[in-house]
file run.txt (compact mmCIF, N, CA and C atoms)
# COMPACT_ATOMS: atom_id res chain seq x y z
N MET A 21 1.79 -30.79 -11.40
CA MET A 21 3.19 -30.51 -11.18
C MET A 21 3.50 -29.10 -11.66
N LEU A 22 4.44 -28.46 -10.98
CA LEU A 22 4.92 -27.14 -11.36
C LEU A 22 6.21 -27.31 -12.14
N ILE A 23 6.23 -26.73 -13.33
CA ILE A 23 7.43 -26.74 -14.17
C ILE A 23 7.83 -25.29 -14.38
N VAL A 24 9.00 -24.92 -13.87
CA VAL A 24 9.50 -23.55 -14.00
C VAL A 24 10.55 -23.56 -15.10
N VAL A 25 10.34 -22.74 -16.11
CA VAL A 25 11.25 -22.69 -17.26
C VAL A 25 12.05 -21.39 -17.16
N THR A 26 13.36 -21.54 -17.04
CA THR A 26 14.25 -20.40 -16.91
C THR A 26 15.18 -20.33 -18.11
N GLY A 27 15.84 -19.20 -18.23
CA GLY A 27 16.80 -18.99 -19.30
C GLY A 27 16.82 -17.53 -19.67
N PRO A 28 17.83 -17.12 -20.41
CA PRO A 28 17.94 -15.71 -20.80
C PRO A 28 16.84 -15.35 -21.81
N PRO A 29 16.63 -14.05 -22.01
CA PRO A 29 15.68 -13.62 -23.04
C PRO A 29 16.08 -14.23 -24.39
N ALA A 30 15.09 -14.60 -25.17
CA ALA A 30 15.29 -15.13 -26.53
C ALA A 30 15.95 -16.50 -26.57
N ALA A 31 15.95 -17.20 -25.45
CA ALA A 31 16.54 -18.54 -25.42
C ALA A 31 15.63 -19.58 -26.05
N GLY A 32 14.32 -19.34 -25.99
CA GLY A 32 13.36 -20.31 -26.52
C GLY A 32 12.47 -20.92 -25.44
N LYS A 33 12.29 -20.20 -24.34
CA LYS A 33 11.48 -20.72 -23.24
C LYS A 33 10.03 -20.95 -23.66
N SER A 34 9.43 -19.98 -24.32
CA SER A 34 8.04 -20.13 -24.78
C SER A 34 7.92 -21.26 -25.80
N THR A 35 8.89 -21.37 -26.67
CA THR A 35 8.89 -22.43 -27.67
C THR A 35 8.98 -23.80 -27.00
N TRP A 36 9.80 -23.91 -25.97
CA TRP A 36 9.92 -25.17 -25.24
C TRP A 36 8.58 -25.56 -24.62
N ILE A 37 7.92 -24.57 -24.02
CA ILE A 37 6.62 -24.85 -23.40
C ILE A 37 5.60 -25.27 -24.46
N LYS A 38 5.58 -24.61 -25.60
CA LYS A 38 4.65 -25.00 -26.67
C LYS A 38 4.86 -26.45 -27.08
N ALA A 39 6.09 -26.92 -27.02
CA ALA A 39 6.40 -28.29 -27.42
C ALA A 39 6.06 -29.31 -26.33
N HIS A 40 5.88 -28.87 -25.08
CA HIS A 40 5.68 -29.81 -23.98
C HIS A 40 4.33 -29.71 -23.28
N ALA A 41 3.74 -28.55 -23.22
CA ALA A 41 2.48 -28.38 -22.49
C ALA A 41 1.31 -28.94 -23.30
N LYS A 42 0.31 -29.40 -22.54
CA LYS A 42 -0.92 -29.90 -23.16
C LYS A 42 -1.98 -28.81 -23.08
N ALA A 43 -3.03 -28.98 -23.84
CA ALA A 43 -4.09 -27.96 -23.92
C ALA A 43 -4.71 -27.64 -22.57
N ASP A 44 -4.81 -28.63 -21.67
CA ASP A 44 -5.45 -28.36 -20.38
C ASP A 44 -4.46 -27.94 -19.29
N ASP A 45 -3.18 -27.77 -19.64
CA ASP A 45 -2.19 -27.26 -18.69
C ASP A 45 -2.35 -25.75 -18.56
N ILE A 46 -1.79 -25.21 -17.51
CA ILE A 46 -1.78 -23.77 -17.30
C ILE A 46 -0.39 -23.26 -17.65
N VAL A 47 -0.33 -22.18 -18.45
CA VAL A 47 0.94 -21.58 -18.84
C VAL A 47 0.92 -20.12 -18.40
N ILE A 48 1.87 -19.76 -17.57
CA ILE A 48 1.98 -18.38 -17.09
C ILE A 48 3.25 -17.79 -17.69
N ASP A 49 3.05 -16.99 -18.72
CA ASP A 49 4.13 -16.40 -19.52
C ASP A 49 3.89 -14.89 -19.55
N LEU A 50 4.76 -14.13 -18.91
CA LEU A 50 4.59 -12.68 -18.81
C LEU A 50 4.43 -12.02 -20.18
N ASP A 51 5.22 -12.44 -21.16
CA ASP A 51 5.12 -11.84 -22.50
C ASP A 51 3.75 -12.09 -23.12
N LEU A 52 3.25 -13.32 -23.00
CA LEU A 52 1.92 -13.62 -23.56
C LEU A 52 0.82 -12.88 -22.82
N MET A 53 0.98 -12.75 -21.51
CA MET A 53 -0.01 -12.01 -20.73
C MET A 53 -0.03 -10.54 -21.14
N ALA A 54 1.14 -9.96 -21.33
CA ALA A 54 1.22 -8.55 -21.74
C ALA A 54 0.61 -8.37 -23.12
N LEU A 55 0.89 -9.29 -24.02
CA LEU A 55 0.33 -9.20 -25.36
C LEU A 55 -1.19 -9.32 -25.33
N ALA A 56 -1.70 -10.20 -24.48
CA ALA A 56 -3.14 -10.37 -24.36
C ALA A 56 -3.82 -9.13 -23.78
N MET A 57 -3.11 -8.38 -22.95
CA MET A 57 -3.70 -7.21 -22.31
C MET A 57 -3.43 -5.91 -23.06
N ALA A 58 -2.55 -5.97 -24.04
CA ALA A 58 -2.20 -4.77 -24.81
C ALA A 58 -3.21 -4.55 -25.93
N GLY A 59 -3.22 -3.36 -26.45
CA GLY A 59 -4.11 -3.04 -27.56
C GLY A 59 -3.68 -3.72 -28.84
N PRO A 60 -4.56 -3.67 -29.83
CA PRO A 60 -4.26 -4.31 -31.12
C PRO A 60 -2.97 -3.76 -31.74
N GLY A 61 -2.20 -4.66 -32.31
CA GLY A 61 -0.98 -4.28 -33.00
C GLY A 61 0.22 -4.05 -32.09
N ALA A 62 0.09 -4.36 -30.79
CA ALA A 62 1.20 -4.13 -29.85
C ALA A 62 2.38 -5.03 -30.20
N ASP A 63 3.56 -4.52 -29.92
CA ASP A 63 4.79 -5.28 -30.10
C ASP A 63 4.77 -6.47 -29.14
N HIS A 64 5.36 -7.58 -29.55
CA HIS A 64 5.37 -8.79 -28.72
C HIS A 64 6.22 -8.67 -27.47
N HIS A 65 7.17 -7.75 -27.44
CA HIS A 65 8.08 -7.70 -26.30
C HIS A 65 8.30 -6.31 -25.72
N ALA A 66 7.85 -5.25 -26.36
CA ALA A 66 8.06 -3.89 -25.85
C ALA A 66 6.73 -3.37 -25.32
N HIS A 67 6.67 -3.14 -24.01
CA HIS A 67 5.43 -2.70 -23.39
C HIS A 67 5.71 -1.55 -22.44
N GLY A 68 4.72 -0.69 -22.27
CA GLY A 68 4.86 0.46 -21.38
C GLY A 68 4.80 0.08 -19.91
N ASP A 69 5.22 1.03 -19.08
CA ASP A 69 5.29 0.80 -17.64
C ASP A 69 3.92 0.50 -17.02
N VAL A 70 2.89 1.22 -17.43
CA VAL A 70 1.57 1.01 -16.85
C VAL A 70 1.06 -0.39 -17.19
N LEU A 71 1.17 -0.77 -18.43
CA LEU A 71 0.74 -2.11 -18.83
C LEU A 71 1.50 -3.17 -18.04
N MET A 72 2.80 -3.01 -17.92
CA MET A 72 3.60 -4.01 -17.21
C MET A 72 3.25 -4.08 -15.73
N ARG A 73 2.87 -2.95 -15.13
CA ARG A 73 2.44 -2.97 -13.74
C ARG A 73 1.18 -3.82 -13.59
N VAL A 74 0.24 -3.64 -14.51
CA VAL A 74 -0.99 -4.42 -14.50
C VAL A 74 -0.68 -5.91 -14.74
N VAL A 75 0.18 -6.18 -15.70
CA VAL A 75 0.53 -7.56 -16.04
C VAL A 75 1.23 -8.26 -14.87
N HIS A 76 2.13 -7.58 -14.19
CA HIS A 76 2.82 -8.19 -13.05
C HIS A 76 1.83 -8.54 -11.93
N ARG A 77 0.87 -7.67 -11.71
CA ARG A 77 -0.14 -7.98 -10.68
C ARG A 77 -1.01 -9.15 -11.11
N ALA A 78 -1.36 -9.20 -12.38
CA ALA A 78 -2.15 -10.32 -12.89
C ALA A 78 -1.35 -11.62 -12.81
N ARG A 79 -0.06 -11.55 -13.10
CA ARG A 79 0.80 -12.74 -13.01
C ARG A 79 0.86 -13.25 -11.58
N PHE A 80 1.03 -12.35 -10.62
CA PHE A 80 1.07 -12.75 -9.21
C PHE A 80 -0.23 -13.44 -8.81
N ALA A 81 -1.36 -12.88 -9.22
CA ALA A 81 -2.67 -13.48 -8.90
C ALA A 81 -2.80 -14.85 -9.58
N ALA A 82 -2.36 -14.95 -10.82
CA ALA A 82 -2.45 -16.22 -11.56
C ALA A 82 -1.59 -17.28 -10.89
N LEU A 83 -0.38 -16.91 -10.47
CA LEU A 83 0.50 -17.86 -9.79
C LEU A 83 -0.12 -18.33 -8.48
N THR A 84 -0.62 -17.41 -7.71
CA THR A 84 -1.23 -17.75 -6.42
C THR A 84 -2.36 -18.75 -6.60
N GLU A 85 -3.19 -18.52 -7.58
CA GLU A 85 -4.31 -19.44 -7.83
C GLU A 85 -3.83 -20.76 -8.42
N ALA A 86 -2.91 -20.70 -9.37
CA ALA A 86 -2.43 -21.92 -10.04
C ALA A 86 -1.78 -22.87 -9.05
N TYR A 87 -1.06 -22.34 -8.07
CA TYR A 87 -0.40 -23.19 -7.08
C TYR A 87 -1.40 -24.05 -6.31
N GLN A 88 -2.64 -23.62 -6.26
CA GLN A 88 -3.67 -24.37 -5.54
C GLN A 88 -4.15 -25.59 -6.32
N HIS A 89 -3.73 -25.71 -7.57
CA HIS A 89 -4.25 -26.77 -8.44
C HIS A 89 -3.16 -27.69 -8.99
N LEU A 90 -2.00 -27.69 -8.37
CA LEU A 90 -0.88 -28.50 -8.86
C LEU A 90 -1.16 -29.99 -8.82
N ASP A 91 -2.12 -30.40 -8.02
CA ASP A 91 -2.47 -31.83 -7.96
C ASP A 91 -3.41 -32.23 -9.09
N LYS A 92 -3.95 -31.24 -9.82
CA LYS A 92 -4.92 -31.53 -10.88
C LYS A 92 -4.38 -31.28 -12.29
N VAL A 93 -3.50 -30.27 -12.42
CA VAL A 93 -2.98 -29.89 -13.74
C VAL A 93 -1.49 -29.56 -13.63
N ASP A 94 -0.81 -29.60 -14.75
CA ASP A 94 0.57 -29.13 -14.80
C ASP A 94 0.54 -27.62 -15.01
N VAL A 95 1.40 -26.93 -14.29
CA VAL A 95 1.50 -25.48 -14.39
C VAL A 95 2.91 -25.14 -14.86
N TYR A 96 2.99 -24.49 -16.01
CA TYR A 96 4.27 -24.06 -16.58
C TYR A 96 4.43 -22.56 -16.30
N VAL A 97 5.56 -22.20 -15.73
CA VAL A 97 5.84 -20.80 -15.42
C VAL A 97 7.16 -20.41 -16.04
N ILE A 98 7.15 -19.32 -16.80
CA ILE A 98 8.40 -18.78 -17.31
C ILE A 98 8.90 -17.77 -16.28
N HIS A 99 10.12 -18.00 -15.82
CA HIS A 99 10.75 -17.09 -14.86
C HIS A 99 12.21 -16.99 -15.26
N THR A 100 12.53 -15.93 -15.97
CA THR A 100 13.86 -15.78 -16.55
C THR A 100 14.97 -15.96 -15.53
N GLN A 101 14.89 -15.25 -14.43
CA GLN A 101 15.96 -15.31 -13.43
C GLN A 101 15.35 -15.24 -12.03
N PRO A 102 14.89 -16.38 -11.52
CA PRO A 102 14.23 -16.35 -10.21
C PRO A 102 15.18 -15.94 -9.09
N SER A 103 14.66 -15.14 -8.18
CA SER A 103 15.42 -14.72 -6.99
C SER A 103 15.57 -15.91 -6.05
N ALA A 104 16.39 -15.73 -5.02
CA ALA A 104 16.57 -16.78 -4.01
C ALA A 104 15.22 -17.10 -3.34
N LYS A 105 14.43 -16.08 -3.10
CA LYS A 105 13.11 -16.28 -2.48
C LYS A 105 12.21 -17.10 -3.39
N ALA A 106 12.21 -16.78 -4.68
CA ALA A 106 11.38 -17.53 -5.64
C ALA A 106 11.88 -18.97 -5.76
N ARG A 107 13.19 -19.16 -5.80
CA ARG A 107 13.74 -20.52 -5.89
C ARG A 107 13.36 -21.34 -4.66
N ALA A 108 13.36 -20.72 -3.50
CA ALA A 108 12.96 -21.42 -2.27
C ALA A 108 11.49 -21.83 -2.35
N LYS A 109 10.66 -20.94 -2.87
CA LYS A 109 9.24 -21.28 -3.01
C LYS A 109 9.06 -22.42 -4.00
N TYR A 110 9.76 -22.36 -5.12
CA TYR A 110 9.67 -23.44 -6.11
C TYR A 110 10.12 -24.77 -5.51
N LYS A 111 11.14 -24.72 -4.66
CA LYS A 111 11.62 -25.94 -4.02
C LYS A 111 10.55 -26.51 -3.09
N ARG A 112 9.91 -25.63 -2.30
CA ARG A 112 8.82 -26.07 -1.41
C ARG A 112 7.68 -26.71 -2.19
N LEU A 113 7.44 -26.17 -3.38
CA LEU A 113 6.35 -26.69 -4.23
C LEU A 113 6.80 -27.89 -5.07
N GLU A 114 8.03 -28.34 -4.87
CA GLU A 114 8.60 -29.48 -5.58
C GLU A 114 8.57 -29.30 -7.09
N ALA A 115 8.91 -28.11 -7.51
CA ALA A 115 8.90 -27.78 -8.94
C ALA A 115 10.03 -28.47 -9.67
N ARG A 116 9.77 -28.74 -10.92
CA ARG A 116 10.82 -29.18 -11.84
C ARG A 116 11.34 -27.92 -12.50
N ILE A 117 12.64 -27.71 -12.45
CA ILE A 117 13.25 -26.52 -13.05
C ILE A 117 13.89 -26.94 -14.38
N VAL A 118 13.53 -26.25 -15.44
CA VAL A 118 14.09 -26.51 -16.76
C VAL A 118 14.80 -25.24 -17.22
N THR A 119 16.07 -25.37 -17.54
CA THR A 119 16.83 -24.23 -18.02
C THR A 119 17.05 -24.37 -19.52
N ILE A 120 16.62 -23.37 -20.24
CA ILE A 120 16.81 -23.33 -21.69
C ILE A 120 17.95 -22.37 -21.97
N ASP A 121 19.01 -22.88 -22.53
CA ASP A 121 20.19 -22.05 -22.80
C ASP A 121 20.91 -22.57 -24.05
N PRO A 122 20.61 -22.00 -25.19
CA PRO A 122 21.30 -22.43 -26.41
C PRO A 122 22.70 -21.84 -26.55
N GLY A 123 23.11 -21.04 -25.57
CA GLY A 123 24.44 -20.43 -25.59
C GLY A 123 24.36 -18.93 -25.81
N ARG A 124 25.30 -18.24 -25.18
CA ARG A 124 25.29 -16.77 -25.21
C ARG A 124 25.33 -16.20 -26.63
N ASP A 125 26.15 -16.77 -27.50
CA ASP A 125 26.27 -16.22 -28.87
C ASP A 125 24.93 -16.29 -29.60
N ILE A 126 24.27 -17.42 -29.51
CA ILE A 126 22.97 -17.58 -30.18
C ILE A 126 21.94 -16.63 -29.58
N VAL A 127 21.92 -16.55 -28.26
CA VAL A 127 20.96 -15.67 -27.58
C VAL A 127 21.19 -14.22 -28.01
N MET A 128 22.43 -13.78 -28.03
CA MET A 128 22.72 -12.40 -28.42
C MET A 128 22.32 -12.13 -29.88
N GLN A 129 22.53 -13.11 -30.75
CA GLN A 129 22.09 -12.96 -32.15
C GLN A 129 20.58 -12.76 -32.20
N ARG A 130 19.85 -13.57 -31.46
CA ARG A 130 18.38 -13.49 -31.45
C ARG A 130 17.92 -12.16 -30.88
N VAL A 131 18.55 -11.72 -29.80
CA VAL A 131 18.16 -10.45 -29.19
C VAL A 131 18.38 -9.31 -30.16
N LYS A 132 19.53 -9.31 -30.83
CA LYS A 132 19.82 -8.24 -31.80
C LYS A 132 18.84 -8.25 -32.97
N ALA A 133 18.37 -9.44 -33.35
CA ALA A 133 17.46 -9.56 -34.48
C ALA A 133 16.00 -9.32 -34.11
N MET A 134 15.62 -9.66 -32.87
CA MET A 134 14.18 -9.70 -32.56
C MET A 134 13.75 -8.88 -31.34
N ARG A 135 14.66 -8.34 -30.58
CA ARG A 135 14.29 -7.67 -29.33
C ARG A 135 14.86 -6.26 -29.26
N GLN A 136 14.45 -5.55 -28.24
CA GLN A 136 14.93 -4.19 -28.01
C GLN A 136 16.39 -4.25 -27.52
N PRO A 137 17.19 -3.24 -27.86
CA PRO A 137 18.60 -3.23 -27.47
C PRO A 137 18.83 -3.40 -25.97
N GLU A 138 17.93 -2.89 -25.13
CA GLU A 138 18.12 -3.00 -23.67
C GLU A 138 18.08 -4.45 -23.19
N MET A 139 17.56 -5.36 -23.98
CA MET A 139 17.54 -6.78 -23.61
C MET A 139 18.94 -7.38 -23.57
N GLU A 140 19.90 -6.75 -24.27
CA GLU A 140 21.27 -7.24 -24.22
C GLU A 140 21.81 -7.17 -22.80
N ARG A 141 21.42 -6.14 -22.03
CA ARG A 141 21.84 -6.04 -20.64
C ARG A 141 21.25 -7.15 -19.79
N VAL A 142 20.00 -7.52 -20.07
CA VAL A 142 19.35 -8.60 -19.32
C VAL A 142 20.07 -9.93 -19.60
N VAL A 143 20.42 -10.15 -20.86
CA VAL A 143 21.17 -11.35 -21.23
C VAL A 143 22.50 -11.39 -20.50
N THR A 144 23.23 -10.28 -20.52
CA THR A 144 24.52 -10.21 -19.84
C THR A 144 24.36 -10.49 -18.35
N ARG A 145 23.34 -9.90 -17.73
CA ARG A 145 23.08 -10.12 -16.30
C ARG A 145 22.78 -11.60 -16.03
N TRP A 146 22.01 -12.24 -16.92
CA TRP A 146 21.65 -13.66 -16.74
C TRP A 146 22.92 -14.52 -16.76
N TYR A 147 23.76 -14.30 -17.77
CA TYR A 147 24.98 -15.11 -17.88
C TYR A 147 25.97 -14.80 -16.75
N ASN A 148 26.08 -13.55 -16.33
CA ASN A 148 26.97 -13.20 -15.23
C ASN A 148 26.52 -13.86 -13.93
N ALA A 149 25.24 -13.94 -13.71
CA ALA A 149 24.72 -14.56 -12.49
C ALA A 149 25.01 -16.06 -12.45
N ARG A 150 25.13 -16.68 -13.59
CA ARG A 150 25.38 -18.13 -13.67
C ARG A 150 26.87 -18.47 -13.64
N ARG A 151 27.71 -17.47 -13.83
CA ARG A 151 29.15 -17.71 -13.86
C ARG A 151 29.60 -18.33 -12.55
N GLY A 152 30.34 -19.42 -12.64
CA GLY A 152 30.87 -20.08 -11.46
C GLY A 152 29.91 -21.03 -10.76
N GLN A 153 28.68 -21.12 -11.27
CA GLN A 153 27.72 -22.04 -10.69
C GLN A 153 27.65 -23.29 -11.54
N PRO A 154 27.38 -24.44 -10.92
CA PRO A 154 27.22 -25.64 -11.73
C PRO A 154 25.99 -25.50 -12.61
N ALA A 155 26.08 -25.99 -13.81
CA ALA A 155 24.95 -25.92 -14.73
C ALA A 155 23.82 -26.79 -14.22
N GLY A 156 22.61 -26.22 -14.21
CA GLY A 156 21.44 -26.99 -13.76
C GLY A 156 20.89 -27.85 -14.87
N ALA A 157 21.25 -27.55 -16.08
CA ALA A 157 20.78 -28.33 -17.22
C ALA A 157 21.79 -28.17 -18.35
N MET A 158 21.79 -29.11 -19.22
CA MET A 158 22.67 -29.01 -20.37
C MET A 158 22.15 -27.89 -21.28
N PRO A 159 23.02 -27.10 -21.85
CA PRO A 159 22.57 -26.09 -22.80
C PRO A 159 21.79 -26.79 -23.93
N GLN A 160 20.70 -26.19 -24.29
CA GLN A 160 19.88 -26.79 -25.33
C GLN A 160 19.18 -25.71 -26.14
N ALA A 161 18.94 -26.01 -27.36
CA ALA A 161 18.16 -25.12 -28.21
C ALA A 161 16.71 -25.58 -28.16
N SER A 162 15.80 -24.63 -28.24
CA SER A 162 14.40 -24.98 -28.21
C SER A 162 13.92 -25.50 -29.56
N ARG A 163 14.61 -25.08 -30.60
CA ARG A 163 14.30 -25.52 -31.96
C ARG A 163 15.47 -25.15 -32.86
N ALA A 164 15.44 -25.64 -34.06
CA ALA A 164 16.50 -25.28 -35.01
C ALA A 164 16.21 -23.88 -35.52
N TRP A 165 17.12 -22.96 -35.31
CA TRP A 165 16.93 -21.58 -35.75
C TRP A 165 17.66 -21.43 -37.04
call {"tool": "encode", "arguments": {"input": "run.txt", "output": "structure tokens"}}
result
Amino acid sequence: MLIVVTGPPAAGKSTWIKAHAKADDIVIDLDLMALAMAGPGADHHAHGDVLMRVVHRARFAALTEAYQHLDKVDVYVIHTQPSAKARAKYKRLEARIVTIDPGRDIVMQRVKAMRQPEMERVVTRWYNARRGQPAGAMPQASRAW
């Protein structure tokens, strides 16, 4: 099964997956992929353009291959804000969509404490895109912060 985990930056998407995925599941997490490909001591969330270009290509290849094995393993994909095209593909693949959203105030606190200032714009864009749409999931925290 394909499980797509969405939500704003710092919502707890990776933490949710750690609590639900099994050792033999596939987890495609852009941040973890970037960290794995970066040099020693790299920041967990701040990466250069060249590294991110490589990581995005690796992510695309990983997704393409993982989709071929949905009948054998669960595949967890973090996708902060999927486009209409991505959502259509997930629908065709009969994905389960999980939205992690502990609330804008909590997310902004986490971003200010743990992320680069430019992530505040990504959070704002995520919440603005959801304005006026029915909630796909109840707001939830990934853990007690």
call {"tool": "select_by_dssp", "arguments": {"input": "run.txt", "residues": "chain A", "states": "strand (DSSP E or B)", "output": "list in words"}}
result
Leu22, Ile23, Val24, Val25, Thr26, Ile46, Val47, Ile48, Val95, Tyr96, Val97, Ile98, Arg116, Ile117, Val118 and Thr119 of chain A
call {"tool": "closest_residue", "arguments": {"input": "run.txt", "among": "A:Val118, A:Pro137, A:Thr144, A:Glu85", "to": "A:Pro29", "atoms": "all atoms listed in the file"}}
result
A:Thr144
call {"tool": "closest_residue", "arguments": {"input": "run.txt", "among": "A:Arg130, A:His99, A:Arg79, A:Arg116", "to": "A:Ala31", "atoms": "all atoms listed in the file"}}
result
A:Arg130
call {"tool": "closest_residue", "arguments": {"input": "run.txt", "among": "A:Ile48, A:Ala58, A:Met139, A:Ala104", "to": "A:Phe80", "atoms": "only C-alpha atoms"}}
result
A:Ile48
call {"tool": "axis_aligned_box", "arguments": {"input": "run.txt", "around": "stretch 138-148 of chain A", "padding_each_side": "3 Å", "output": "JSON"}}
result
{"center_x": 22.3, "center_y": -9.0, "center_z": -19.5, "size_x": 15.4, "size_y": 18.2, "size_z": 17.2}
call {"tool": "residues_around", "arguments": {"input": "run.txt", "residues": "A:Glu138", "least_positions_apart": "4", "cutoff": "12 Å", "atoms": "only C-alpha atoms", "output": "list in words"}}
result
Pro29, His65, Ala66, Met128, Val131, Lys132, Met134, Val142, Val143, Thr144 and Arg145 of chain A
call {"tool": "build_atoms", "arguments": {"input": "run.txt", "residues": "stretch 32-40 of chain A", "atoms": "all heavy atoms", "output": "PDB file, in the coordinates of the input"}}
result
ATOM      1  N   GLY A  32      14.320 -19.340 -25.990  1.00  0.00           N
ATOM      2  CA  GLY A  32      13.360 -20.310 -26.520  1.00  0.00           C
ATOM      3  C   GLY A  32      12.470 -20.920 -25.440  1.00  0.00           C
ATOM      4  O   GLY A  32      11.958 -22.017 -25.602  1.00  0.00           O
ATOM      5  N   LYS A  33      12.290 -20.200 -24.340  1.00  0.00           N
ATOM      6  CA  LYS A  33      11.480 -20.720 -23.240  1.00  0.00           C
ATOM      7  C   LYS A  33      10.030 -20.950 -23.660  1.00  0.00           C
ATOM      8  O   LYS A  33       9.462 -22.012 -23.396  1.00  0.00           O
ATOM      9  CB  LYS A  33      11.543 -19.759 -22.034  1.00  0.00           C
ATOM     10  CG  LYS A  33      12.950 -19.603 -21.471  1.00  0.00           C
ATOM     11  CD  LYS A  33      13.033 -18.609 -20.338  1.00  0.00           C
ATOM     12  CE  LYS A  33      12.682 -17.193 -20.697  1.00  0.00           C
ATOM     13  NZ  LYS A  33      13.654 -16.520 -21.577  1.00  0.00           N
ATOM     14  N   SER A  34       9.430 -19.980 -24.320  1.00  0.00           N
ATOM     15  CA  SER A  34       8.040 -20.130 -24.780  1.00  0.00           C
ATOM     16  C   SER A  34       7.920 -21.260 -25.800  1.00  0.00           C
ATOM     17  O   SER A  34       6.951 -22.025 -25.778  1.00  0.00           O
ATOM     18  CB  SER A  34       7.538 -18.824 -25.407  1.00  0.00           C
ATOM     19  OG  SER A  34       7.511 -17.796 -24.449  1.00  0.00           O
ATOM     20  N   THR A  35       8.890 -21.370 -26.670  1.00  0.00           N
ATOM     21  CA  THR A  35       8.890 -22.430 -27.670  1.00  0.00           C
ATOM     22  C   THR A  35       8.980 -23.800 -27.000  1.00  0.00           C
ATOM     23  O   THR A  35       8.286 -24.746 -27.400  1.00  0.00           O
ATOM     24  CB  THR A  35      10.051 -22.227 -28.660  1.00  0.00           C
ATOM     25  OG1 THR A  35       9.902 -20.936 -29.267  1.00  0.00           O
ATOM     26  CG2 THR A  35      10.063 -23.299 -29.735  1.00  0.00           C
ATOM     27  N   TRP A  36       9.800 -23.910 -25.970  1.00  0.00           N
ATOM     28  CA  TRP A  36       9.920 -25.170 -25.240  1.00  0.00           C
ATOM     29  C   TRP A  36       8.580 -25.560 -24.620  1.00  0.00           C
ATOM     30  O   TRP A  36       8.160 -26.707 -24.690  1.00  0.00           O
ATOM     31  CB  TRP A  36      11.016 -25.066 -24.173  1.00  0.00           C
ATOM     32  CG  TRP A  36      11.311 -26.373 -23.509  1.00  0.00           C
ATOM     33  CD1 TRP A  36      12.241 -27.296 -23.887  1.00  0.00           C
ATOM     34  CD2 TRP A  36      10.647 -26.928 -22.364  1.00  0.00           C
ATOM     35  NE1 TRP A  36      12.190 -28.390 -23.049  1.00  0.00           N
ATOM     36  CE2 TRP A  36      11.220 -28.184 -22.102  1.00  0.00           C
ATOM     37  CE3 TRP A  36       9.621 -26.489 -21.537  1.00  0.00           C
ATOM     38  CZ2 TRP A  36      10.824 -29.005 -21.054  1.00  0.00           C
ATOM     39  CZ3 TRP A  36       9.208 -27.296 -20.477  1.00  0.00           C
ATOM     40  CH2 TRP A  36       9.803 -28.533 -20.253  1.00  0.00           C
ATOM     41  N   ILE A  37       7.920 -24.570 -24.020  1.00  0.00           N
ATOM     42  CA  ILE A  37       6.620 -24.850 -23.400  1.00  0.00           C
ATOM     43  C   ILE A  37       5.600 -25.270 -24.460  1.00  0.00           C
ATOM     44  O   ILE A  37       4.848 -26.231 -24.251  1.00  0.00           O
ATOM     45  CB  ILE A  37       6.121 -23.637 -22.590  1.00  0.00           C
ATOM     46  CG1 ILE A  37       6.970 -23.498 -21.326  1.00  0.00           C
ATOM     47  CG2 ILE A  37       4.642 -23.783 -22.241  1.00  0.00           C
ATOM     48  CD1 ILE A  37       6.677 -22.268 -20.492  1.00  0.00           C
ATOM     49  N   LYS A  38       5.580 -24.610 -25.600  1.00  0.00           N
ATOM     50  CA  LYS A  38       4.650 -25.000 -26.670  1.00  0.00           C
ATOM     51  C   LYS A  38       4.860 -26.450 -27.080  1.00  0.00           C
ATOM     52  O   LYS A  38       3.919 -27.138 -27.457  1.00  0.00           O
ATOM     53  CB  LYS A  38       4.824 -24.083 -27.882  1.00  0.00           C
ATOM     54  CG  LYS A  38       4.233 -22.720 -27.694  1.00  0.00           C
ATOM     55  CD  LYS A  38       4.481 -21.858 -28.924  1.00  0.00           C
ATOM     56  CE  LYS A  38       4.112 -20.422 -28.667  1.00  0.00           C
ATOM     57  NZ  LYS A  38       4.448 -19.535 -29.774  1.00  0.00           N
ATOM     58  N   ALA A  39       6.090 -26.920 -27.020  1.00  0.00           N
ATOM     59  CA  ALA A  39       6.400 -28.290 -27.420  1.00  0.00           C
ATOM     60  C   ALA A  39       6.060 -29.310 -26.330  1.00  0.00           C
ATOM     61  O   ALA A  39       5.950 -30.503 -26.622  1.00  0.00           O
ATOM     62  CB  ALA A  39       7.879 -28.409 -27.781  1.00  0.00           C
ATOM     63  N   HIS A  40       5.880 -28.870 -25.080  1.00  0.00           N
ATOM     64  CA  HIS A  40       5.680 -29.810 -23.980  1.00  0.00           C
ATOM     65  C   HIS A  40       4.330 -29.710 -23.280  1.00  0.00           C
ATOM     66  O   HIS A  40       3.845 -30.711 -22.745  1.00  0.00           O
ATOM     67  CB  HIS A  40       6.805 -29.627 -22.947  1.00  0.00           C
ATOM     68  CG  HIS A  40       8.126 -30.068 -23.457  1.00  0.00           C
ATOM     69  ND1 HIS A  40       8.951 -29.259 -24.211  1.00  0.00           N
ATOM     70  CD2 HIS A  40       8.767 -31.245 -23.351  1.00  0.00           C
ATOM     71  CE1 HIS A  40      10.031 -29.924 -24.539  1.00  0.00           C
ATOM     72  NE2 HIS A  40       9.955 -31.128 -24.031  1.00  0.00           N
TER      73      HIS A  40
END
